[in-house]
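Coordinates as given in model20.cif (mmCIF, C-alpha atoms):
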data_model
loop_
_atom_site.label_atom_id
_atom_site.label_comp_id
_atom_site.auth_asym_id
_atom_site.auth_seq_id
_atom_site.Cartn_x
_atom_site.Cartn_y
_atom_site.Cartn_z
CA MET G 951 -8.86 -2.85 -0.43
CA PRO G 952 -7.86 0.02 -2.72
CA SER G 953 -10.62 1.84 -4.61
CA LEU G 954 -10.49 4.27 -7.51
CA ASP G 955 -12.67 7.36 -7.84
CA ARG G 956 -12.55 10.33 -10.19
CA GLN G 957 -13.04 14.01 -9.39
CA ASP G 958 -13.23 15.91 -12.67
CA ASN G 959 -9.89 15.17 -14.34
CA VAL G 960 -8.19 13.81 -11.21
CA PHE G 961 -8.29 10.12 -10.37
CA VAL G 962 -8.13 9.45 -6.62
CA LEU G 963 -6.84 6.04 -5.61
CA ASP G 964 -7.67 5.36 -1.96
CA LEU G 965 -5.23 2.73 -0.71
CA GLY G 966 -7.48 1.64 2.16
CA ASP G 967 -8.20 2.28 5.83
CA GLY G 968 -5.84 -0.20 7.52
CA GLU G 969 -2.06 -0.45 7.44
CA ASN G 970 -2.29 -0.79 3.65
CA ARG G 971 0.52 -3.29 3.50
CA PHE G 972 1.52 -4.76 0.16
CA HIS G 973 -0.45 -8.01 0.26
CA PRO G 974 -0.50 -9.68 -3.18
CA ASP G 975 -4.25 -8.96 -3.51
CA TRP G 976 -3.60 -5.30 -2.63
CA LEU G 977 -0.84 -5.12 -5.24
CA THR G 978 -3.17 -6.62 -7.84
CA ALA G 979 -5.88 -4.07 -7.04
CA VAL G 980 -3.47 -1.14 -7.26
CA SER G 981 -2.12 -2.43 -10.58
CA ALA G 982 -5.65 -2.69 -11.96
CA ALA G 983 -6.37 0.89 -10.87
CA LEU G 984 -3.22 2.11 -12.61
CA ASP G 985 -4.35 0.26 -15.74
CA GLU G 986 -7.58 2.26 -15.67
CA VAL G 987 -5.76 5.57 -15.19
CA GLU G 988 -3.31 4.79 -17.96
CA LYS G 989 -5.98 3.68 -20.45
CA ALA G 990 -8.14 6.77 -19.87
CA GLU G 991 -7.97 9.49 -22.49
CA GLY G 992 -7.70 13.25 -22.25
CA PRO G 993 -6.45 15.45 -19.42
CA ARG G 994 -5.93 13.53 -16.21
CA ALA G 995 -3.73 13.14 -13.15
CA LEU G 996 -3.57 10.77 -10.20
CA VAL G 997 -3.70 11.26 -6.43
CA THR G 998 -3.10 8.36 -4.07
CA ALA G 999 -4.48 8.74 -0.57
CA ALA G 1000 -5.67 6.67 2.37
CA THR G 1001 -7.99 6.93 5.34
CA GLY G 1002 -7.13 6.30 8.96
CA LYS G 1003 -3.83 6.19 10.81
CA PHE G 1004 -1.66 4.92 7.96
CA TYR G 1005 -0.88 5.85 4.37
CA SER G 1006 1.06 2.59 4.04
CA ASN G 1007 3.26 0.43 6.25
CA GLY G 1008 4.91 -1.22 3.26
CA LEU G 1009 5.68 -4.89 2.72
CA ASP G 1010 3.29 -7.46 4.14
CA LEU G 1011 5.80 -9.18 6.42
CA ASP G 1012 3.17 -11.57 7.83
CA TRP G 1013 2.33 -12.83 4.35
CA LEU G 1014 6.02 -13.10 3.51
CA SER G 1015 6.78 -15.15 6.61
CA ALA G 1016 4.08 -17.61 5.57
CA HIS G 1017 5.16 -17.68 1.91
CA SER G 1018 8.95 -17.38 2.09
CA ASP G 1019 9.32 -19.48 -1.06
CA HIS G 1020 7.66 -16.66 -3.02
CA TYR G 1021 9.94 -13.93 -1.67
CA GLN G 1022 11.83 -13.16 -4.87
CA ASP G 1023 8.69 -13.10 -7.03
CA TYR G 1024 7.02 -10.85 -4.46
CA VAL G 1025 9.93 -8.39 -4.52
CA VAL G 1026 9.85 -8.34 -8.33
CA THR G 1027 6.15 -7.39 -8.17
CA VAL G 1028 6.83 -4.62 -5.64
CA HIS G 1029 9.70 -3.30 -7.74
CA GLU G 1030 7.43 -3.21 -10.78
CA LEU G 1031 4.85 -1.18 -8.84
CA PHE G 1032 7.56 1.35 -7.96
CA ALA G 1033 8.83 1.46 -11.53
CA ARG G 1034 5.36 1.85 -12.96
CA MET G 1035 4.46 4.70 -10.64
CA LEU G 1036 7.80 6.41 -11.26
CA SER G 1037 7.23 6.38 -15.02
CA LEU G 1038 3.43 6.71 -15.18
CA PRO G 1039 2.45 9.06 -18.06
CA VAL G 1040 0.36 11.30 -15.81
CA VAL G 1041 1.33 13.60 -12.95
CA THR G 1042 1.04 11.77 -9.64
CA VAL G 1043 0.62 13.18 -6.12
CA ALA G 1044 0.75 11.22 -2.85
CA ALA G 1045 -1.49 12.55 -0.06
CA LEU G 1046 0.18 11.33 3.15
CA GLN G 1047 -2.44 11.68 5.87
CA GLY G 1048 -0.80 9.13 8.18
CA HIS G 1049 2.26 7.01 8.86
CA THR G 1050 4.28 6.31 5.73
CA PHE G 1051 6.89 3.65 6.43
CA ALA G 1052 9.38 1.42 4.62
CA ALA G 1053 8.10 0.31 1.20
CA GLY G 1054 5.14 2.64 1.75
CA ALA G 1055 7.60 5.53 1.98
CA MET G 1056 9.36 4.28 -1.15
CA PHE G 1057 6.01 4.10 -2.94
CA SER G 1058 5.42 7.74 -2.01
CA LEU G 1059 8.81 8.67 -3.48
CA ALA G 1060 7.78 7.13 -6.80
CA HIS G 1061 5.15 9.88 -7.10
CA ASP G 1062 5.92 13.24 -8.67
CA PHE G 1063 4.79 15.20 -5.62
CA ARG G 1064 3.96 14.52 -1.97
CA VAL G 1065 1.75 16.37 0.52
CA MET G 1066 1.99 15.38 4.19
CA ARG G 1067 0.05 16.09 7.33
CA ALA G 1068 2.02 18.58 9.42
CA ASP G 1069 0.99 17.78 12.99
CA ARG G 1070 0.96 13.97 13.24
CA GLY G 1071 2.36 10.96 11.45
CA TYR G 1072 5.84 10.01 10.35
CA TRP G 1073 7.66 9.28 7.11
CA CYS G 1074 10.37 6.71 7.76
CA LEU G 1075 12.70 4.18 6.16
CA PRO G 1076 13.23 1.83 9.15
CA GLU G 1077 15.27 -0.84 7.36
CA ALA G 1078 18.49 -0.17 9.31
CA ASP G 1079 16.59 -0.74 12.56
CA ILE G 1080 14.72 -3.87 11.49
CA ASN G 1081 17.70 -5.53 9.78
CA ILE G 1082 16.24 -5.64 6.28
CA PRO G 1083 18.69 -4.23 3.71
CA PHE G 1084 17.37 -2.19 0.83
CA THR G 1085 17.29 -4.10 -2.44
CA PRO G 1086 19.32 -2.54 -5.28
CA GLY G 1087 16.05 -1.34 -6.83
CA MET G 1088 14.82 0.23 -3.61
CA ALA G 1089 18.14 2.00 -3.05
CA ALA G 1090 18.13 3.26 -6.63
CA LEU G 1091 14.59 4.62 -6.25
CA ILE G 1092 15.32 6.42 -2.98
CA GLN G 1093 18.58 7.91 -4.22
CA SER G 1094 16.99 9.06 -7.47
CA ARG G 1095 14.28 11.01 -5.65
CA LEU G 1096 16.01 12.50 -2.60
CA ALA G 1097 18.96 14.85 -2.22
CA PRO G 1098 22.11 12.84 -1.41
CA GLN G 1099 22.42 14.03 2.19
CA THR G 1100 18.73 13.41 2.88
CA ALA G 1101 18.84 9.95 1.31
CA HIS G 1102 21.94 9.12 3.35
CA GLU G 1103 20.38 10.21 6.63
CA ALA G 1104 17.03 8.55 5.95
CA MET G 1105 18.57 5.24 4.89
CA ILE G 1106 21.38 5.03 7.46
CA THR G 1107 19.67 6.37 10.59
CA ALA G 1108 16.03 5.25 10.06
CA ARG G 1109 14.99 8.72 11.20
CA ARG G 1110 11.29 9.36 11.62
CA TYR G 1111 10.42 12.61 9.87
CA GLY G 1112 7.36 14.57 10.92
CA GLY G 1113 5.61 16.65 8.30
CA ALA G 1114 7.54 19.88 8.90
CA ASP G 1115 10.91 18.10 8.90
CA ALA G 1116 9.97 16.11 5.81
CA ALA G 1117 9.11 19.34 4.00
CA ALA G 1118 12.31 21.05 5.19
CA THR G 1119 14.46 18.21 3.84
CA GLY G 1120 12.61 17.90 0.53
CA ILE G 1121 11.07 14.50 1.26
CA VAL G 1122 7.64 16.06 0.76
CA ASP G 1123 6.67 19.20 -1.11
CA GLN G 1124 4.19 20.57 1.41
CA ALA G 1125 3.15 19.95 5.01
CA VAL G 1126 -0.43 21.04 5.69
CA THR G 1127 -3.25 20.51 8.17
CA GLU G 1128 -4.96 17.13 8.34
CA GLU G 1129 -8.08 18.50 6.66
CA ALA G 1130 -6.06 19.96 3.78
CA VAL G 1131 -3.90 16.96 2.84
CA ARG G 1132 -6.15 15.38 0.24
CA SER G 1133 -7.59 18.63 -1.13
CA THR G 1134 -4.11 20.13 -1.54
CA ALA G 1135 -2.92 17.03 -3.37
CA ILE G 1136 -5.93 17.21 -5.68
CA GLU G 1137 -5.25 20.91 -6.37
CA ILE G 1138 -1.65 20.13 -7.32
CA ALA G 1139 -2.79 17.30 -9.56
CA GLN G 1140 -5.58 19.34 -11.17
CA ALA G 1141 -3.10 22.03 -12.17
CA GLN G 1142 -1.11 19.46 -14.16
CA VAL G 1143 -3.80 17.40 -15.89
CA ASN G 1144 -2.86 18.69 -19.33
CA LYS G 1145 0.59 17.09 -19.04
CA ALA G 1146 -0.80 13.55 -19.35
CA GLY G 1147 0.36 11.52 -22.31
CA ASP G 1148 3.24 9.89 -24.12
CA THR G 1149 5.56 12.90 -23.91
CA LEU G 1150 5.36 13.00 -20.11
CA GLY G 1151 5.90 9.24 -19.98
CA THR G 1152 9.00 9.55 -22.16
CA ILE G 1153 10.38 12.41 -20.04
CA LYS G 1154 10.00 10.33 -16.88
CA ALA G 1155 11.42 7.19 -18.47
CA ARG G 1156 14.53 9.05 -19.60
CA MET G 1157 14.90 11.07 -16.40
CA TYR G 1158 14.86 7.96 -14.22
CA ALA G 1159 16.33 5.44 -16.68
CA PRO G 1160 19.03 4.08 -14.29
CA ALA G 1161 16.61 3.58 -11.39
CA LEU G 1162 13.98 2.05 -13.68
CA ALA G 1163 16.51 -0.39 -15.14
CA THR G 1164 17.54 -1.51 -11.65
CA LEU G 1165 13.93 -1.85 -10.49
CA ARG G 1166 13.09 -3.94 -13.55
CA ASP G 1167 16.11 -6.25 -13.28
CA THR G 1168 14.44 -9.60 -12.60
CA THR G 1169 17.64 -11.67 -12.76
CA ASN G 1170 18.95 -10.63 -9.35
CA PRO G 1171 16.38 -8.36 -7.68
CA LEU G 1172 17.63 -9.07 -4.16
CA GLY G 1173 21.26 -8.15 -4.88
#
Starting from the file, lay out its structure as structure tokens.
Amino acid sequence: MPSLDRQDNVFVLDLGDGENRFHPDWLTAVSAALDEVEKAEGPRALVTAATGKFYSNGLDLDWLSAHSDHYQDYVVTVHELFARMLSLPVVTVAALQGHTFAAGAMFSLAHDFRVMRADRGYWCLPEADINIPFTPGMAALIQSRLAPQTAHEAMITARRYGGADAAATGIVDQAVTEEAVRSTAIEIAQAQVNKAGDTLGTIKARMYAPALATLRDTTNPLG
């Protein structure tokens, strides 16, 4: 399960050491961690990271198959996580040490910055290959955070981007060695801790207003 630590002014949210899929209990734990970050006072920033082979493999499809009657409510909860991260009033950095797929990749895009391991691991939106269309909120998030040509390629072709390719296309900001992923993310976050607060939250909310409105549309989240 996710756990929250603090290094000086940088909160580090470790998503776990498995596939870190979005099980309802996992979503609840992440939300509680974000509550703690948001309620803290003074300079602060947030890094999300993981340990092991995966950063996150996204939606918990096994749980969904067993609870199909909760599908819409589940998607609403996932959308709210994306919206909350996208508008969080602190600078956020995703440290992608492993595979970052599907909703896990979307979650990374909701951060302000991303650092990825250069030599192994992929960032991928596989929905076109697994026959799961993007919800309107997911599409809005992706297209608000990636250049149009990159978003088009990633969404249409389900391309798997290694670290160097992800950096070259602007999906991530830096591709570094495995050992440097988390420390680089923390350095980026530490440099921005004084930005935390209502002004930053307002800037993000206005910058991403269309995507946030779509993500928070609970009347027809599935399109």
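The coordinates place atom CA of G:Phe1057 at 22.1 Å from atom CA of G:Ala1141.
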List every residue of stretch 983-1035 of chain G that has an atom at most 8 Å from any atom of stretch 1039-1047 of chain G, and for each one report the closest atom pair and its distance in Å to one decimal, counting only C-alpha atoms, with rows sorted by chain and then by increasing residue number, as a Markdown table.
| residue | atom | partner | partner_atom | distance |
| --- | --- | --- | --- | --- |
| G:Glu988 | CA | G:Pro1039 | CA | 7.2 |
| G:Arg994 | CA | G:Val1040 | CA | 6.7 |
| G:Ala995 | CA | G:Val1041 | CA | 5.1 |
| G:Leu996 | CA | G:Thr1042 | CA | 4.8 |
| G:Val997 | CA | G:Val1043 | CA | 4.7 |
| G:Thr998 | CA | G:Ala1044 | CA | 4.9 |
| G:Ala999 | CA | G:Ala1045 | CA | 4.9 |
| G:Ala1000 | CA | G:Gln1047 | CA | 6.9 |
| G:Thr1001 | CA | G:Gln1047 | CA | 7.3 |
| G:Gly1002 | CA | G:Gln1047 | CA | 7.8 |
| G:Lys1003 | CA | G:Gln1047 | CA | 7.5 |
| G:Phe1004 | CA | G:Gln1047 | CA | 7.1 |
| G:Tyr1005 | CA | G:Leu1046 | CA | 5.7 |
| G:Met1035 | CA | G:Thr1042 | CA | 7.9 |
Restricting it to C-alpha atoms, dump the selection as a PDB file, in the coordinates of the input.
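Output file part-v3.pdb is given in full below:
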ATOM      1  CA  GLU G 988      -3.310   4.790 -17.960  1.00  0.00           C
ATOM      2  CA  ARG G 994      -5.930  13.530 -16.210  1.00  0.00           C
ATOM      3  CA  ALA G 995      -3.730  13.140 -13.150  1.00  0.00           C
ATOM      4  CA  LEU G 996      -3.570  10.770 -10.200  1.00  0.00           C
ATOM      5  CA  VAL G 997      -3.700  11.260  -6.430  1.00  0.00           C
ATOM      6  CA  THR G 998      -3.100   8.360  -4.070  1.00  0.00           C
ATOM      7  CA  ALA G 999      -4.480   8.740  -0.570  1.00  0.00           C
ATOM      8  CA  ALA G1000      -5.670   6.670   2.370  1.00  0.00           C
ATOM      9  CA  THR G1001      -7.990   6.930   5.340  1.00  0.00           C
ATOM     10  CA  GLY G1002      -7.130   6.300   8.960  1.00  0.00           C
ATOM     11  CA  LYS G1003      -3.830   6.190  10.810  1.00  0.00           C
ATOM     12  CA  PHE G1004      -1.660   4.920   7.960  1.00  0.00           C
ATOM     13  CA  TYR G1005      -0.880   5.850   4.370  1.00  0.00           C
ATOM     14  CA  MET G1035       4.460   4.700 -10.640  1.00  0.00           C
TER      15      MET G1035
END
Notebook entry, point to check: Expanded to explicit residues, what is the PyMOL selection byres ((chain G and resi 1034) around 10) for this file, as a list in words?
Noted result: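 Here the PyMOL selection byres ((chain G and resi 1034) around 10) matches Ser981, Leu984, Val1028, His1029, Glu1030, Leu1031, Phe1032, Ala1033, Met1035, Leu1036, Ser1037, Leu1038, Pro1039, Ala1060, His1061, Ala1155, Leu1162, Leu1165 and Arg1166 of chain G.
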Please produce a file of those selected residues containing C-alpha atoms, as a JSON list (two decimals), keeping the file's coordinate frame.
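The resulting part-v4.json:
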[["chain", "number", "residue", "atom", "x", "y", "z"],
["G", 981, "SER", "CA", -2.12, -2.43, -10.58],
["G", 984, "LEU", "CA", -3.22, 2.11, -12.61],
["G", 1028, "VAL", "CA", 6.83, -4.62, -5.64],
["G", 1029, "HIS", "CA", 9.70, -3.30, -7.74],
["G", 1030, "GLU", "CA", 7.43, -3.21, -10.78],
["G", 1031, "LEU", "CA", 4.85, -1.18, -8.84],
["G", 1032, "PHE", "CA", 7.56, 1.35, -7.96],
["G", 1033, "ALA", "CA", 8.83, 1.46, -11.53],
["G", 1035, "MET", "CA", 4.46, 4.70, -10.64],
["G", 1036, "LEU", "CA", 7.80, 6.41, -11.26],
["G", 1037, "SER", "CA", 7.23, 6.38, -15.02],
["G", 1038, "LEU", "CA", 3.43, 6.71, -15.18],
["G", 1039, "PRO", "CA", 2.45, 9.06, -18.06],
["G", 1060, "ALA", "CA", 7.78, 7.13, -6.80],
["G", 1061, "HIS", "CA", 5.15, 9.88, -7.10],
["G", 1155, "ALA", "CA", 11.42, 7.19, -18.47],
["G", 1162, "LEU", "CA", 13.98, 2.05, -13.68],
["G", 1165, "LEU", "CA", 13.93, -1.85, -10.49],
["G", 1166, "ARG", "CA", 13.09, -3.94, -13.55]]
Next item on the list: Taking the file above as input, evaluate the PyMOL selection byres ((chain G and resi 1091-1097) around 12) and report the hits as a ChimeraX atom specification.
Entry: /G:1029-1037,1052-1064,1074-1075,1084-1090,1098-1105,1116-1123,1154,1157-1166
Note to self: What's the separation between atom CA of G:Ile1082 and atom CA of G:Leu1011, in Å to one decimal place?
What the structure shows: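 Computed distance, atom CA of G:Ile1082 to atom CA of G:Leu1011, equals 11.0 Å.
What separates atom CA of G:Thr1027 from atom CA of G:Ala1146 is a distance of 24.7 Å.
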Check: Using all atoms listed in the file, which of G:Pro1083, G:Gly966, G:Gly1048, G:Pro1076 sits nearest G:Thr1107?
Finding: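 Smallest separation from G:Thr1107 among the options: G:Pro1076.
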